[in-house]
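What follows is a single structure, written as C-alpha cells, with notes after it.
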Amino acid sequence: MSNPFNPPTIAGAAEAGSPEAAVLEPARRWRRLRQRFLRRRMAIIGLAFVLLFLLLALMGPLVAGDPSEQHFDAVLQGPSFAHPMGTDDLGRDVFARIAGGARVSLLAGVCSTALAMLVGVPVGLVAGFYRGWVDPIIMRLNDVMLAFPFLIFAVGLAAILGASLRNVIIALAVAQFPAVLRIARGEALMLREQDFLAGAIADGTRDAAIIARYVLPNSLNALIVQATVAIPAAIIGEATLSFLGLGVQPPTPSWGVMLTHAQPYLAQAPLLALFPGLAIALVTLGFNLLGDGLRDVLDPRSGR
Amino acid sequence: MSLLEVEHLRVEFATEDGAVIAVKDVSFTLEAGEILALVGESGCGKSVTAMSIPRLLSGDDLTLGGSVRLNGVDLAALSERQMQEIRGKEISVVFQEPMTSLNPAYTVGHQIGEVLRRHEGLSRRQATARAIDLLELVGIPDPRRRVQSFPHQLSGGMRQRVMIAIAVACQPKVLLADEPTTALDVTVQAGVLDVIQNLRDSLGTAVILITHDLGVVADVADRVVVMYSGRRVEQAPVQAIFSRPQHPYTVGLLGALPARAVTQGGRRRLTEIPGMVPPPTSDPDECQFHSRCPRATSACTLERPPLGEVADGHLVACYHPGPGGHSAR
Amino acid sequence: MHGDDDSAVLEVTGLKKHYHSGSRLHGGRHVVRAVDGVDLTIGAGEVLGLVGESGSGKSTIGKCVVRLTVPTAGTMRLLGRDISSLSRREMRPLRRDVHIVFQDPYSSLNPRMSVGEIVGEPLRQHGEGTRRERDGRVGEMLERVGLRQQMRLRYPHELSGGQRQRVALARALILGPRLVVADEPVSALDVSVQASIVNLLLDLQRDMGFSCLFITHDLSVVEFISDRVAVMYLGRIVETASRADLFKDPQHPYTQALLSAAPVADPASSRRSSRIVLTGDVPSPSAPPPGCPFHTRCPVAVPRCSTEVPPLVGVTSAEHPVACHLVTPEDGGPDASQGEVTSVHHPS
C-alpha cells in the first residue's frame with residue numbers, strides 16, 4: 001500500500017528548526033542564495049555559456065576581426081590558424097561572423113523579451129489584480145494568440161512587417177507577449193489573496209502604488225525565470241526568421257543567414273553549417289540551464 | 001519491561017546552515033493502556049521525537065542516536081520490511097491534517113479495509129464489515145452509508161475520526177497522535193478526544209499524544225513529558241504537572257494561560273516568558289532555559305542540570321525546582 | 001473608563017455577505033451565506049470579542065468592517081458615517097480611523113519591504129509629515145510595541161512570529177485609529193509568545209484608547225481581553241453579553257456547549273465534568289437549515305426551532321440579547337446539559 005505515514009516526515013523535520021530562532025541578516029540571505037546557486041553545477045555551466053557568448057557579442061570585432069571583409073583568394077577554407085573556423089563562400093572569416101551573429105542573436109533575444117515584458121507585465125498584473133470584466137476579455141484574446149505556435153506566429157508577423165532586425169524584434173516581442181501576460185497575471189492572482197495585500201489596502205494605499213510596490217516586486221522572481229526561458233526561444237526565433245530570409249539581411253552576420261548560406265555547400269564544406277548550428281544550440285542550452293538553476297534558487301514553488 | 005522504551009533519543013538534520021539538533025536527548029517509557037502527553041512549543045522537538053519512534057524520519061541528512069524498544073525489541077535493528085509490518089499493526093499514527101493524509105481517490109471504507117487486508121489478510125467483504133464496525137467505534141453516525149463516502153464528502157472532524165479508525169484498525173499497541181485536534185473546532189475537538197480516551201479504555205491502546213495545548217493535556221493525559229529545546233525538562237503524572245509544576249519553564253507555560261492571569265498595578269496581565277528559544281544548532285553543557293529563567297543562577301550555565309526525582313514519578317531537570325513563579329535572582 | 005462616550009465607534013446593522021460559489025456549468029451556482037444578518041455595536045474604547053468556530057463568518061465581518069470586501073446588504077457606520085457602500089477612493093481618507101491585524105504574521109507583511117517601510121507606509125500613503133518626521137514616528141511606534149529602533153532595517157523573514165505580530169500592530173496603530181480589527185491575532189503563536197502579544201495589545205488599547213473588534217475562536221483569550229462578547233454561529237450572532245454575564249450565565253445552548261467543550265488546563269475540574277457533546281457538524285453556509293441555524297445540533301431543540309428563526313432580543317435583560325426561542329424572562333436560557341444528549345457512540 002502507498003504508505004500513508006510517509007509524507008509529512010521531512011517537512012516536519014524542517015519545522016523543527018524553530019522559526020523563532022531563524023534570524024537571517026540580509027547579507028546572509030544573499031550569500032545563501034549565491035551558495036544555493038553555486039551548488040548547482042549545471043546552472044554554472046549554463047551561466048558560463050551565456051557569459052561566453054555575451055563576451056563574444058561585445059568584443060567580437062576586436063577579437064575576431066571584421067565579419068564582412070571578403071577574401072576571394074581564400075573561399076571555403078577549413079579551420080586554420082588565421083581562420084579558426086575557416087572561411088565561407090565569399091572568403092569571410094566564419095569565427096568573425098559567429099561573433100557578429102552572437103551580437104544580433106542576443107540583441108534580438110534580449111530586446112524582444114524586454115519589449116514583451118514591458119507591455120505584458122503591466123497588462124498581466126493589472127488584469128490579475130482587478131479581475132472584473134477586463135480580465136476575461138484580455139485572457140480570451142490571449143488564448144487566441146496562444147493558439148498559434150510561437151514560431152508560426154512570429155513568421156507570419158515578420159512576413160507582414162518586412163525583413164529587418166527591428167521588425168524581427170517587434171515580431172518576436174508580439175509572439176512572446178501572451179506567455180508573459182499569462183505569467184504576470186498568474187502572479188497577481190496569487191498575490192491578491194495574500195494578507196499583506198489586504199493590509200496595504202487597509203493602509204489606504206492607492207491601487208497604482210499597490211501594483212508597483214507590492215505586486216510587482218513579489219512577482220519579480222517568477223518573471224526573471226520566465227525571461228531565461230523566453231530569451232533562448234527568441235534567439236531560435238531570430239535564427240529561424242533570418243534563415244527564411246524574413247529577418248536580418250546580408251551582409252549583417254546572423255546565425256540564421258549563415259545557415260542559409262551554408263546550405264548549397266553542405267557537401268563541400270559541412271563545417272560551414274556546423275558552427276552556426278552549434279552556436280544556436282549552445283547559447284540556447286546555456287540560457288535553459290541558467291533558467292533551471294535560477295528557478296530552483298529564486299522560485300522554488302514553480303519547480304517540480 | 002515497559003511496552004515502549006525510548007532511551008537517549010537524538011535526532012540531527014544536516015541543513016544548508018549546518019546541523020540542526022531537533023532532539024538532543026529524550027528518554028521515556030510508555031505502559032500499556034496509558035495516555036502520555038508530549039508537550040512543548042513549536043521547535044521543541046516533540047513531533048520529531050514521536051515520528052522517529054516508528055522510523056518515519058528518513059533521508060541522507062539525518063543522524064539518529066539512542067534506542068527505541070517495543071516489547072524489548074530494538075526497532076533500529078529491524079529491516080525496513082519488518083518495520084513495515086510494525087507500522088499500522090503495532091504502532092500507528094494520526095496526523096494533524098486529516099485531509100492531506102487521506103487519499104482523495106478512494107472511499108473511506110476502501111482505505112480502512114486496505115490496512116486490514118494487508119496486515120490481517122482479510123477478504124474484501126470481511127474488511128468492509130470491519131470498516132463499518134470501526135467507523136461506529138470512532139463515533140461516525142450511519143456508518144453503513146459513510147463507508148461509501150469519499151474524504152471530501154466528510155467534515156474535518158469526521159475525517160479525523162476516519163484517520164483514527166484507520167490507525168486503530170489492526171488494534172495497535174501504540175497510537176501516536178500528533179496534534180490530532182489542533183485543526184478542529186472546540187465542539188468537534190471534544191468528541192475526538194473522547195474517541196481517543198474510549199479506545200484506550202476499550203482496546204487498551206497506549207497513546208502518545210503530541211500537543212501544544214495544555215487544556216487538551218489536562219483533559220485526557222495520564223502522564224506528561226514537558227519538552228524544551230530538544231530535551232525533557234519535566235515529567236510527572238498529569239495532576240502533579242498542573243498542581244505542583246517544578247520546572248520554571250512548565251511554571252511559565254501554565255502562567256501564560258489566559259485563565260491564570262494575574263493582576264499587576266491594577267491591570268490584569270498574562271505572565272510572559274521573556275526571550276526566545278535558543279537556536280537548535282548548538283548544544284552547550286548548560287541549562288538551555290537559563291537565559292529566559294527568572295530563577296537562573298551561575299550554576300545553571302556551568303553544567304546542564306540532570307533529571308532528578310522530586311516526588312514519586314515526578315522528574316525535573318532544574319537546579320532550582322519548585323512551583324513558585326519567581327524566586328532567586 | 002470604557003464606553004463613557006455615548007456615540008458608538010462602530011454600528012453595524014443587518015450586515016450580510018453572500019458569496020457565489022461553484023460554476024454555472026457544474027450543477028449551477030449556489031450562494032454561500034457567510035454573514036447573514038448581523039447587528040453589532042462597539043463603543044469608544046471598548047473591546048468586543050467576536051467568538052465563533054471556523055465557517056461561522058466572524059472573519060468575514062472583520063473584512064467587511066475594514067472594507068476589504070463589499071457587504072451584500074446592511075449598513076456599517078464608522079464614527080457615524082455609513083461606509084458600507086463607499087468606493088475604494090471615498091474610503092481612503094477614512095482608513096486613518098480603522099485598521100486590521102491578521103492571524104498569520106508570515107503572510108501579512110510584504111516580504112520585499114523593510115520593517116521601517118512597512119510601519120511607515122500608512123503615514124506615507126496619507127501624506128503625513130516629511131520623510132524625517134515619518135521616520136521619527138516609526139521609531140517611536142516600534143518602541144511602543146516593544147521593538148528596538150534598529151529593527152526598522154530588518155526584513156520580515158528575519159523576524160520571529162511574535163516580532164512580526166508586533167510589527168503588524170505598529171503598522172495598524174501608527175495613524176492612531178479609533179477602531180482596530182484584530183482577526184485571530186494570536187492564534188498562530190505559541191502560548192508564551194501569545195501572552196506577550198495579548199498583554200501588549202491590551203496595554204496599547206488602554207493607553208491609546210482605540211476600540212477593538214477582537215475576532216477569535218479561543219474562549220480563554222476572549223474572556224481575558226474583552227469587555228463584551230458576541231457569539232456567532234453560521235453567519236449570525238446568537239448571543240451578546242458583557243464578559244462577566246456571558247461566562248457566568250450563558251443562555252444560548254450553543255454558547256453553553258462552546259463553554260463546556262473548551263478544555264480547561266486543570267485536570268481536577270475538566271475531567272468528568274458534564275460536557276455537552278454536540279452531535280453532527282456545522283451545516284454548510286451554502287445550505288443553512290431553516291429556522292434556528294443551530295437546531296440541527298441543539299440538544300434541547302423543540303419543533304418550533306426548525307421552522308422559525310429566533311430573533312436576537314434581550315429577554316432577561318436588554319444588555320444580554322439571545323437568539324433562542326427557549327429563553328424565558330423567569331428562567332433565562334434553557335439548560336443544554338439537561339437535553340437529550342445523543343452523545344457519541346461508545347461501544348465498550
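Ordered as shown in the C-alpha cells, chains take letters A, B, and onward, while each chain numbers its residues from 1 and ligands are numbered from 1 in the order shown.
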Q | strand (DSSP E) call set, DSSP backbone run, range 65-223 of chain B, as a PyMOL selection string | A | chain B and resi 65-70+73-74+91-94+174-178+206-211+223
Q: Apply DSSP to the backbone of this structure and, from range 68-280 of chain A, keep only the residues in alpha helix (DSSP H); write these as number ranges by chain.
A: A: 94-130, 134-147, 150-161, 165-191, 195-203, 207-210, 216-243, 255-262, 271-280
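Residue nearest chain B, chosen from C:Asp190, C:Glu143, C:Glu117, C:Asp135 and counting only C-alpha atoms: C:Asp190.
Taking only C-alpha atoms into account, Val231 in chain C lies nearest to C:Ser56 out of the set C:Ser196, C:Thr13, C:Thr296, C:Ser56.
Between CA of Leu135 in chain B and CA of Ala169 in chain B the interatomic distance comes to 9.8 Å.
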Q. If we count only C-alpha atoms, what is near Val31 in chain C at a cut-off of 9 Å, once residues fewer than 6 positions away on the same chain are taken out, given as a VMD selection string?
A. chain C and resid 18 to 22 285 to 287
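Residues within 10 Å of Ile225 in chain C, counting only C-alpha atoms and excluding same-chain residues fewer than 3 positions away, are Pro258, Arg268 and Arg269 of chain B; Val47, Leu48, Gly49, Val198, Asn199, Leu201, Leu202, Cys212, Phe214, Leu219, Ser220, Val221, Val222, Arg228, Val229 and Arg243 of chain C.
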Per residue of range 189-242 of chain B within 7 Å of range 33-46 of chain B, record the nearest atom pair and its distance in Å to one decimal, counting only C-alpha atoms, with rows in chain order and ascending residue number, as a tab-separated table.
```
residue	atom	partner	partner_atom	distance
B:Arg200	CA	B:Gly33	CA	5.6
B:Gly204	CA	B:Gly33	CA	4.4
B:Thr205	CA	B:Gly33	CA	5.0
B:Ala206	CA	B:Gly33	CA	4.3
B:Val207	CA	B:Ile35	CA	4.6
B:Ile208	CA	B:Leu36	CA	4.9
B:Leu209	CA	B:Ala37	CA	4.6
B:Ile210	CA	B:Leu38	CA	4.8
B:Thr211	CA	B:Val39	CA	5.4
B:His212	CA	B:Gly40	CA	5.5
B:Val217	CA	B:Ala37	CA	6.4
B:Ala221	CA	B:Ile35	CA	5.1
B:Asp222	CA	B:Ile35	CA	5.3
B:Arg223	CA	B:Leu36	CA	4.9
B:Val224	CA	B:Ala37	CA	4.7
B:Val225	CA	B:Leu38	CA	5.0
B:Val226	CA	B:Val39	CA	4.9
B:Met227	CA	B:Gly40	CA	5.1
B:Tyr228	CA	B:Cys44	CA	5.0
B:Ser229	CA	B:Cys44	CA	4.5
B:Gly230	CA	B:Gly45	CA	5.0
```
Take the residues that were just selected and, keeping N, CA and C atoms, output them as a PDB file, in the first residue's frame.
```
ATOM      1  N   ARG B 200      -8.573   3.785  24.394  1.00  0.00           N
ATOM      2  CA  ARG B 200      -7.706   3.324  25.458  1.00  0.00           C
ATOM      3  C   ARG B 200      -8.498   2.448  26.433  1.00  0.00           C
ATOM      4  N   GLY B 204      -7.436  -0.929  25.224  1.00  0.00           N
ATOM      5  CA  GLY B 204      -6.176  -0.916  25.959  1.00  0.00           C
ATOM      6  C   GLY B 204      -5.023  -0.343  25.161  1.00  0.00           C
ATOM      7  N   THR B 205      -5.317   0.460  24.138  1.00  0.00           N
ATOM      8  CA  THR B 205      -4.266   1.073  23.334  1.00  0.00           C
ATOM      9  C   THR B 205      -3.487   2.092  24.158  1.00  0.00           C
ATOM     10  N   ALA B 206      -2.157   2.036  24.058  1.00  0.00           N
ATOM     11  CA  ALA B 206      -1.351   3.082  24.680  1.00  0.00           C
ATOM     12  C   ALA B 206      -1.232   4.234  23.685  1.00  0.00           C
ATOM     13  N   VAL B 207      -1.325   5.449  24.179  1.00  0.00           N
ATOM     14  CA  VAL B 207      -1.350   6.602  23.285  1.00  0.00           C
ATOM     15  C   VAL B 207      -0.232   7.571  23.640  1.00  0.00           C
ATOM     16  N   ILE B 208       0.498   8.027  22.617  1.00  0.00           N
ATOM     17  CA  ILE B 208       1.390   9.168  22.814  1.00  0.00           C
ATOM     18  C   ILE B 208       0.721  10.349  22.124  1.00  0.00           C
ATOM     19  N   LEU B 209       0.354  11.336  22.909  1.00  0.00           N
ATOM     20  CA  LEU B 209      -0.382  12.481  22.406  1.00  0.00           C
ATOM     21  C   LEU B 209       0.580  13.664  22.326  1.00  0.00           C
ATOM     22  N   ILE B 210       0.831  14.130  21.124  1.00  0.00           N
ATOM     23  CA  ILE B 210       1.719  15.284  20.958  1.00  0.00           C
ATOM     24  C   ILE B 210       0.846  16.515  20.836  1.00  0.00           C
ATOM     25  N   THR B 211       1.062  17.497  21.687  1.00  0.00           N
ATOM     26  CA  THR B 211       0.204  18.682  21.634  1.00  0.00           C
ATOM     27  C   THR B 211       0.904  19.884  22.248  1.00  0.00           C
ATOM     28  N   HIS B 212       0.418  21.055  21.875  1.00  0.00           N
ATOM     29  CA  HIS B 212       0.913  22.281  22.500  1.00  0.00           C
ATOM     30  C   HIS B 212      -0.164  22.829  23.446  1.00  0.00           C
ATOM     31  N   VAL B 217      -4.186  18.406  27.275  1.00  0.00           N
ATOM     32  CA  VAL B 217      -3.391  17.560  28.165  1.00  0.00           C
ATOM     33  C   VAL B 217      -4.173  17.285  29.447  1.00  0.00           C
ATOM     34  N   ALA B 221      -4.721  13.250  29.330  1.00  0.00           N
ATOM     35  CA  ALA B 221      -3.454  12.557  29.572  1.00  0.00           C
ATOM     36  C   ALA B 221      -3.394  11.945  30.965  1.00  0.00           C
ATOM     37  N   ASP B 222      -2.606  10.853  31.086  1.00  0.00           N
ATOM     38  CA  ASP B 222      -2.307  10.290  32.399  1.00  0.00           C
ATOM     39  C   ASP B 222      -0.982  10.840  32.914  1.00  0.00           C
ATOM     40  N   ARG B 223      -0.027  10.920  31.988  1.00  0.00           N
ATOM     41  CA  ARG B 223       1.300  11.343  32.366  1.00  0.00           C
ATOM     42  C   ARG B 223       1.771  12.360  31.332  1.00  0.00           C
ATOM     43  N   VAL B 224       2.649  13.255  31.734  1.00  0.00           N
ATOM     44  CA  VAL B 224       3.054  14.342  30.861  1.00  0.00           C
ATOM     45  C   VAL B 224       4.580  14.422  30.811  1.00  0.00           C
ATOM     46  N   VAL B 225       5.113  14.586  29.601  1.00  0.00           N
ATOM     47  CA  VAL B 225       6.528  14.907  29.437  1.00  0.00           C
ATOM     48  C   VAL B 225       6.595  16.301  28.829  1.00  0.00           C
ATOM     49  N   VAL B 226       7.229  17.233  29.527  1.00  0.00           N
ATOM     50  CA  VAL B 226       7.367  18.591  29.011  1.00  0.00           C
ATOM     51  C   VAL B 226       8.714  18.692  28.311  1.00  0.00           C
ATOM     52  N   MET B 227       8.694  19.121  27.056  1.00  0.00           N
ATOM     53  CA  MET B 227       9.945  19.226  26.303  1.00  0.00           C
ATOM     54  C   MET B 227      10.297  20.679  26.053  1.00  0.00           C
ATOM     55  N   TYR B 228      11.598  20.942  26.082  1.00  0.00           N
ATOM     56  CA  TYR B 228      12.076  22.285  25.754  1.00  0.00           C
ATOM     57  C   TYR B 228      13.401  22.143  25.017  1.00  0.00           C
ATOM     58  N   SER B 229      13.469  22.727  23.830  1.00  0.00           N
ATOM     59  CA  SER B 229      14.715  22.752  23.076  1.00  0.00           C
ATOM     60  C   SER B 229      15.341  21.361  22.941  1.00  0.00           C
ATOM     61  N   GLY B 230      14.518  20.377  22.582  1.00  0.00           N
ATOM     62  CA  GLY B 230      15.031  19.050  22.286  1.00  0.00           C
ATOM     63  C   GLY B 230      15.333  18.177  23.481  1.00  0.00           C
TER      64      GLY B 230
END
```
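The space separating CA of Leu90 in chain A from CA of Ala74 in chain A comes to 8.1 Å.
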(Q) Tell me as a PyMOL selection string which residues belonging to chain C come within 10 Å of chain A, counting only C-alpha atoms. (A) chain C and resi 63+66-69+88-89+91-96+98-113+118-126+153-163+168+171-172+175+190+193
Show me, as JSON lines, the residues of range 90-191 of chain A having an atom within 6 Å of range 56-73 of chain A, each with the closest atom pair and its distance in Å, using only C-alpha atoms.
```
{"residue": "A:Leu90", "atom": "CA", "partner": "A:Gln70", "partner_atom": "CA", "distance": 5.8}
{"residue": "A:Gly91", "atom": "CA", "partner": "A:His71", "partner_atom": "CA", "distance": 4.4}
{"residue": "A:Arg92", "atom": "CA", "partner": "A:Gln70", "partner_atom": "CA", "distance": 4.9}
{"residue": "A:Ala96", "atom": "CA", "partner": "A:Ala64", "partner_atom": "CA", "distance": 4.7}
{"residue": "A:Arg97", "atom": "CA", "partner": "A:Pro67", "partner_atom": "CA", "distance": 4.8}
{"residue": "A:Ala99", "atom": "CA", "partner": "A:Gly60", "partner_atom": "CA", "distance": 4.8}
{"residue": "A:Ala102", "atom": "CA", "partner": "A:Ala57", "partner_atom": "CA", "distance": 5.0}
{"residue": "A:Arg103", "atom": "CA", "partner": "A:Ala57", "partner_atom": "CA", "distance": 4.2}
```
